[in-house]
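**Q** Next up, protein_19.csv (CSV, C-alpha atoms).
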```csv
chain,number,residue,atom,x,y,z
A,1,MET,CA,-97.6,89.0,40.5
A,2,ASN,CA,-98.8,85.7,41.4
A,3,PHE,CA,-99.7,83.7,38.4
A,4,GLY,CA,-100.3,80.4,40.2
A,5,ARG,CA,-103.0,81.7,42.4
A,6,GLY,CA,-105.8,79.4,41.3
A,7,ARG,CA,-103.9,76.2,41.2
A,8,ALA,CA,-103.7,73.8,44.1
A,9,ARG,CA,-100.3,73.0,45.4
A,10,GLU,CA,-99.3,69.5,44.6
A,11,GLU,CA,-97.4,67.4,47.2
A,12,PRO,CA,-94.0,66.3,46.0
A,13,GLU,CA,-93.8,62.5,45.8
A,14,ILE,CA,-91.1,60.0,44.9
A,15,ASN,CA,-92.0,57.7,42.1
A,16,LEU,CA,-90.9,54.2,43.3
A,17,ILE,CA,-91.6,52.3,40.0
A,18,PRO,CA,-88.3,53.2,38.3
A,19,LEU,CA,-86.4,52.6,41.5
A,20,ILE,CA,-87.8,49.1,41.8
A,21,ASP,CA,-87.0,48.4,38.1
A,22,VAL,CA,-83.4,49.4,38.6
A,23,LEU,CA,-83.0,47.3,41.7
A,24,LEU,CA,-84.5,44.2,40.0
A,25,VAL,CA,-82.0,44.7,37.1
A,26,ILE,CA,-79.1,44.9,39.6
A,27,ILE,CA,-80.3,41.8,41.5
A,28,ILE,CA,-80.6,39.8,38.2
A,29,PHE,CA,-77.1,41.0,37.2
A,30,LEU,CA,-75.6,39.9,40.5
A,31,MET,CA,-77.4,36.5,40.4
A,32,LEU,CA,-76.0,35.8,36.9
A,33,THR,CA,-72.4,36.9,37.5
A,34,THR,CA,-71.9,35.4,41.0
A,35,THR,CA,-70.0,32.1,41.0
A,36,TYR,CA,-71.2,29.6,43.4
A,37,SER,CA,-68.4,27.2,44.4
A,38,ARG,CA,-69.2,24.1,46.3
A,39,PHE,CA,-66.4,22.6,48.2
A,40,ALA,CA,-66.6,18.9,48.5
A,41,GLY,CA,-64.7,17.4,51.4
A,42,LEU,CA,-63.9,14.0,52.6
A,43,GLU,CA,-63.4,13.2,56.2
A,44,ILE,CA,-60.3,11.2,56.6
A,45,ASN,CA,-59.0,9.7,59.7
A,46,LEU,CA,-55.3,9.6,59.3
A,47,PRO,CA,-53.3,6.8,60.9
A,48,THR,CA,-51.2,7.6,63.9
A,49,ALA,CA,-47.8,6.3,64.8
A,50,GLU,CA,-45.7,6.6,67.8
A,51,THR,CA,-42.0,6.8,67.2
A,52,GLN,CA,-39.2,7.0,69.6
A,53,SER,CA,-37.2,10.2,69.4
A,54,SER,CA,-33.9,9.3,67.8
A,55,SER,CA,-31.0,11.0,69.6
A,56,GLU,CA,-28.6,9.3,67.2
A,57,ARG,CA,-27.2,11.6,64.6
A,58,PRO,CA,-25.8,10.1,61.4
A,59,VAL,CA,-22.1,9.9,61.1
A,60,GLU,CA,-20.9,12.9,59.0
A,61,VAL,CA,-17.8,12.8,56.8
A,62,ASN,CA,-16.8,16.4,56.1
A,63,VAL,CA,-14.9,16.7,52.8
A,64,ALA,CA,-13.4,20.0,51.9
A,65,VAL,CA,-12.1,20.8,48.4
A,66,THR,CA,-9.8,23.8,48.3
A,67,ALA,CA,-9.3,26.2,45.4
A,68,ALA,CA,-6.0,24.6,44.7
A,69,GLY,CA,-7.6,21.2,44.4
A,70,GLU,CA,-6.5,19.7,47.7
A,71,VAL,CA,-8.9,17.3,49.4
A,72,VAL,CA,-9.3,17.4,53.2
A,73,ILE,CA,-11.4,14.8,55.0
A,74,ASN,CA,-12.4,15.7,58.6
A,75,LYS,CA,-9.6,18.3,58.8
A,76,ARG,CA,-7.0,15.8,57.6
A,77,PRO,CA,-5.4,16.3,54.2
A,78,VAL,CA,-5.4,13.4,51.8
A,79,SER,CA,-1.9,12.7,50.5
A,80,SER,CA,-2.9,11.6,47.0
A,81,ALA,CA,-5.5,13.2,44.8
A,82,ASP,CA,-6.6,10.1,43.0
A,83,ILE,CA,-10.0,8.5,43.5
A,84,PRO,CA,-9.0,5.3,45.2
A,85,ALA,CA,-6.9,7.2,47.8
A,86,ILE,CA,-9.8,9.5,48.6
A,87,ALA,CA,-12.2,6.5,48.9
A,88,ALA,CA,-9.7,4.7,51.2
A,89,ALA,CA,-9.5,7.9,53.4
A,90,MET,CA,-13.3,8.1,53.6
A,91,GLN,CA,-13.6,4.5,54.6
A,92,ALA,CA,-11.0,4.9,57.3
A,93,VAL,CA,-12.9,7.8,58.8
A,94,VAL,CA,-16.3,6.0,59.0
A,95,PRO,CA,-16.5,3.8,62.1
A,96,THR,CA,-17.5,0.2,61.5
A,97,GLY,CA,-21.2,-0.4,61.9
A,98,ALA,CA,-22.1,3.2,61.3
A,99,LYS,CA,-25.6,3.4,59.9
A,100,ASP,CA,-26.1,5.6,56.8
A,101,PRO,CA,-23.1,8.0,57.0
A,102,VAL,CA,-23.5,11.3,55.2
A,103,VAL,CA,-20.8,12.9,53.1
A,104,ILE,CA,-20.8,16.7,53.3
A,105,ILE,CA,-18.8,18.3,50.5
A,106,ASN,CA,-17.5,21.8,51.2
A,107,ALA,CA,-16.1,22.9,47.9
A,108,ASP,CA,-14.5,26.3,47.3
A,109,ALA,CA,-16.2,28.4,44.7
A,110,LYS,CA,-13.0,28.5,42.6
A,111,ALA,CA,-12.3,24.7,43.0
A,112,ALA,CA,-12.1,22.7,39.8
A,113,HIS,CA,-15.4,21.0,39.0
A,114,GLN,CA,-13.6,17.8,38.2
A,115,ARG,CA,-12.2,17.6,41.7
A,116,VAL,CA,-15.7,17.7,43.2
A,117,ILE,CA,-16.8,14.9,40.8
A,118,ASP,CA,-13.7,12.9,41.9
A,119,VAL,CA,-14.8,13.2,45.5
A,120,MET,CA,-18.3,12.1,44.6
A,121,GLN,CA,-17.0,9.0,42.7
A,122,ALA,CA,-14.7,8.2,45.7
A,123,ALA,CA,-17.7,8.4,48.0
A,124,GLN,CA,-19.5,6.0,45.7
A,125,GLN,CA,-16.6,3.6,45.7
A,126,ALA,CA,-16.4,3.8,49.5
A,127,GLY,CA,-20.1,2.8,49.7
A,128,LEU,CA,-21.3,6.1,50.9
A,129,VAL,CA,-24.4,7.0,49.0
A,130,HIS,CA,-25.8,9.9,51.0
A,131,ILE,CA,-24.0,13.1,49.7
A,132,SER,CA,-24.8,16.6,50.6
A,133,PHE,CA,-23.3,19.9,49.5
A,134,ALA,CA,-22.6,22.8,52.0
A,135,THR,CA,-23.4,26.3,50.8
A,136,GLN,CA,-23.5,29.7,52.3
A,137,ALA,CA,-25.9,32.5,51.8
A,138,ALA,CA,-25.0,35.2,49.3
A,139,GLN,CA,-23.9,38.4,51.0
A,140,ARG,CA,-25.4,41.6,49.8
```
For the file at hand, write its structure as structure tokens.

**A**
Amino acid sequence: MNFGRGRAREEPEINLIPLIDVLLVIIIFLMLTTTYSRFAGLEINLPTAETQSSSERPVEVNVAVTAAGEVVINKRPVSSADIPAIAAAMQAVVPTGAKDPVVIINADAKAAHQRVIDVMQAAQQAGLVHISFATQAAQR
């Protein structure tokens, strides 16, 4: 039985009006939510300088503080543990005319905190102001 005999066949078509409406809404949404950032930049010509490569290394004063509290300066033990004796030993190690000597403190992890402070005060009394602490990386 053919009930649709008298009707003409309609061609299927795609209605573009709802598609255009949806696309316009998406475009408006993107325009409103997009942030436009403007990067302002200045062209700067930095000054240049020519320096001579300095092959001079600063004089290093290696101070070790053991767990027992003994102070060793450049692998030589200091006889007395008081601050003036440590300062005198530091001054004796630094050559005359040395420019900005650096004191490197190697303190044992179990050394008394006061002994490290005494070494720092002795360095100050000896006129050595550049102090650095040596550490080692933690082992896992």

**Q** In file coordinates, which residues lie within 12 Å of (-18.2, 23.2, 50.3) using all atoms listed in the file, given as JSON, numbers by chain?

**A** {"A": [62, 63, 64, 65, 66, 67, 71, 72, 73, 103, 104, 105, 106, 107, 108, 109, 110, 111, 113, 115, 116, 119, 131, 132, 133, 134, 135, 136]}

**Q** Take the selection from the previous step and output its residues with C-alpha atoms, as a tab-separated table (two decimals), in the frame of the given file.

**A**
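File produced: result_0.tsv:
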```tsv
chain	number	residue	atom	x	y	z
A	62	ASN	CA	-16.80	16.40	56.10
A	63	VAL	CA	-14.90	16.70	52.80
A	64	ALA	CA	-13.40	20.00	51.90
A	65	VAL	CA	-12.10	20.80	48.40
A	66	THR	CA	-9.80	23.80	48.30
A	67	ALA	CA	-9.30	26.20	45.40
A	71	VAL	CA	-8.90	17.30	49.40
A	72	VAL	CA	-9.30	17.40	53.20
A	73	ILE	CA	-11.40	14.80	55.00
A	103	VAL	CA	-20.80	12.90	53.10
A	104	ILE	CA	-20.80	16.70	53.30
A	105	ILE	CA	-18.80	18.30	50.50
A	106	ASN	CA	-17.50	21.80	51.20
A	107	ALA	CA	-16.10	22.90	47.90
A	108	ASP	CA	-14.50	26.30	47.30
A	109	ALA	CA	-16.20	28.40	44.70
A	110	LYS	CA	-13.00	28.50	42.60
A	111	ALA	CA	-12.30	24.70	43.00
A	113	HIS	CA	-15.40	21.00	39.00
A	115	ARG	CA	-12.20	17.60	41.70
A	116	VAL	CA	-15.70	17.70	43.20
A	119	VAL	CA	-14.80	13.20	45.50
A	131	ILE	CA	-24.00	13.10	49.70
A	132	SER	CA	-24.80	16.60	50.60
A	133	PHE	CA	-23.30	19.90	49.50
A	134	ALA	CA	-22.60	22.80	52.00
A	135	THR	CA	-23.40	26.30	50.80
A	136	GLN	CA	-23.50	29.70	52.30
```

**Q** At a cut-off of 6 Å, using all atoms listed in the file, what residues contact range 74-91 of chain A? Leave out same-chain residues fewer than 6 positions from it and give the result as a list in words.

**A** Asn62, Asp118, Ala122, Ala123 and Ala126 of chain A

**Q** Do you have the CA of Val94 in chain A-CA of Val61 in chain A distance handy?

**A**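 One can read the CA of Val94 in chain A to CA of Val61 in chain A distance as 7.3 Å.
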
**Q** Return the single residue from A:Gln121, A:Pro101, A:Ile14, A:Gln114 that is closest to Val59 in chain A, with distances computed using only C-alpha atoms.

**A**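 Smallest distance to Val59 in chain A is found for A:Pro101.
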
**Q** Which residue, A:Pro18, A:Pro12, A:Pro58, A:Gly127, has the smallest gap to Lys99 in chain A when you use only C-alpha atoms?

**A**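 Counting only C-alpha atoms, the residue closest to Lys99 in chain A is A:Pro58.
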
**Q** Have range 102-132 of chain A completed to N, CA and C atoms, please, and pass it along as a short mmCIF file (atom, residue, chain, number, x, y, z; two decimals), keeping the file's coordinate frame.

**A**
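Final file, part19.cif:
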```cif
data_model
loop_
_atom_site.label_atom_id
_atom_site.label_comp_id
_atom_site.auth_asym_id
_atom_site.auth_seq_id
_atom_site.Cartn_x
_atom_site.Cartn_y
_atom_site.Cartn_z
N VAL A 102 -23.22 10.23 56.21
CA VAL A 102 -23.50 11.30 55.20
C VAL A 102 -22.20 11.99 54.89
N VAL A 103 -21.95 12.14 53.60
CA VAL A 103 -20.80 12.90 53.10
C VAL A 103 -21.20 14.29 52.84
N ILE A 104 -20.56 15.25 53.49
CA ILE A 104 -20.80 16.70 53.30
C ILE A 104 -19.66 17.26 52.56
N ILE A 105 -19.90 17.73 51.35
CA ILE A 105 -18.80 18.30 50.50
C ILE A 105 -18.84 19.80 50.65
N ASN A 106 -17.73 20.34 51.12
CA ASN A 106 -17.50 21.80 51.20
C ASN A 106 -16.50 22.14 50.12
N ALA A 107 -16.97 22.62 49.00
CA ALA A 107 -16.10 22.90 47.90
C ALA A 107 -15.92 24.45 47.78
N ASP A 108 -14.71 24.89 47.57
CA ASP A 108 -14.50 26.30 47.30
C ASP A 108 -15.10 26.70 46.01
N ALA A 109 -15.53 27.95 45.92
CA ALA A 109 -16.20 28.40 44.70
C ALA A 109 -15.27 28.37 43.50
N LYS A 110 -13.97 28.46 43.74
CA LYS A 110 -13.00 28.50 42.60
C LYS A 110 -12.35 27.10 42.45
N ALA A 111 -12.86 26.08 43.14
CA ALA A 111 -12.30 24.70 43.00
C ALA A 111 -12.70 24.17 41.63
N ALA A 112 -11.84 23.30 41.12
CA ALA A 112 -12.10 22.70 39.80
C ALA A 112 -13.31 21.75 39.95
N HIS A 113 -14.19 21.82 38.98
CA HIS A 113 -15.40 21.00 39.00
C HIS A 113 -15.04 19.51 38.98
N GLN A 114 -13.99 19.17 38.28
CA GLN A 114 -13.60 17.80 38.20
C GLN A 114 -13.17 17.22 39.55
N ARG A 115 -12.57 18.05 40.39
CA ARG A 115 -12.20 17.60 41.70
C ARG A 115 -13.38 17.21 42.56
N VAL A 116 -14.47 17.98 42.45
CA VAL A 116 -15.70 17.70 43.20
C VAL A 116 -16.30 16.37 42.66
N ILE A 117 -16.26 16.16 41.36
CA ILE A 117 -16.80 14.90 40.80
C ILE A 117 -15.92 13.74 41.25
N ASP A 118 -14.60 13.95 41.37
CA ASP A 118 -13.70 12.90 41.90
C ASP A 118 -14.10 12.51 43.32
N VAL A 119 -14.43 13.51 44.14
CA VAL A 119 -14.80 13.20 45.50
C VAL A 119 -16.13 12.46 45.55
N MET A 120 -17.07 12.81 44.66
CA MET A 120 -18.30 12.10 44.60
C MET A 120 -18.13 10.64 44.16
N GLN A 121 -17.25 10.41 43.18
CA GLN A 121 -17.00 9.00 42.70
C GLN A 121 -16.25 8.25 43.84
N ALA A 122 -15.38 8.91 44.58
CA ALA A 122 -14.70 8.20 45.70
C ALA A 122 -15.70 7.85 46.77
N ALA A 123 -16.68 8.70 47.04
CA ALA A 123 -17.70 8.40 48.00
C ALA A 123 -18.52 7.17 47.55
N GLN A 124 -18.79 7.11 46.25
CA GLN A 124 -19.50 6.00 45.70
C GLN A 124 -18.71 4.68 45.84
N GLN A 125 -17.44 4.77 45.55
CA GLN A 125 -16.60 3.60 45.70
C GLN A 125 -16.45 3.16 47.14
N ALA A 126 -16.50 4.11 48.07
CA ALA A 126 -16.40 3.80 49.50
C ALA A 126 -17.73 3.25 50.05
N GLY A 127 -18.77 3.27 49.24
CA GLY A 127 -20.10 2.80 49.70
C GLY A 127 -20.89 3.80 50.43
N LEU A 128 -20.54 5.05 50.28
CA LEU A 128 -21.30 6.10 50.90
C LEU A 128 -22.18 6.78 49.91
N VAL A 129 -23.47 6.56 50.07
CA VAL A 129 -24.40 7.00 49.00
C VAL A 129 -25.13 8.30 49.39
N HIS A 130 -25.08 8.71 50.64
CA HIS A 130 -25.80 9.90 51.00
C HIS A 130 -24.75 11.10 50.97
N ILE A 131 -24.95 11.96 49.96
CA ILE A 131 -24.00 13.10 49.70
C ILE A 131 -24.80 14.36 49.83
N SER A 132 -24.19 15.33 50.50
CA SER A 132 -24.80 16.60 50.60
C SER A 132 -23.74 17.70 50.35
#
```
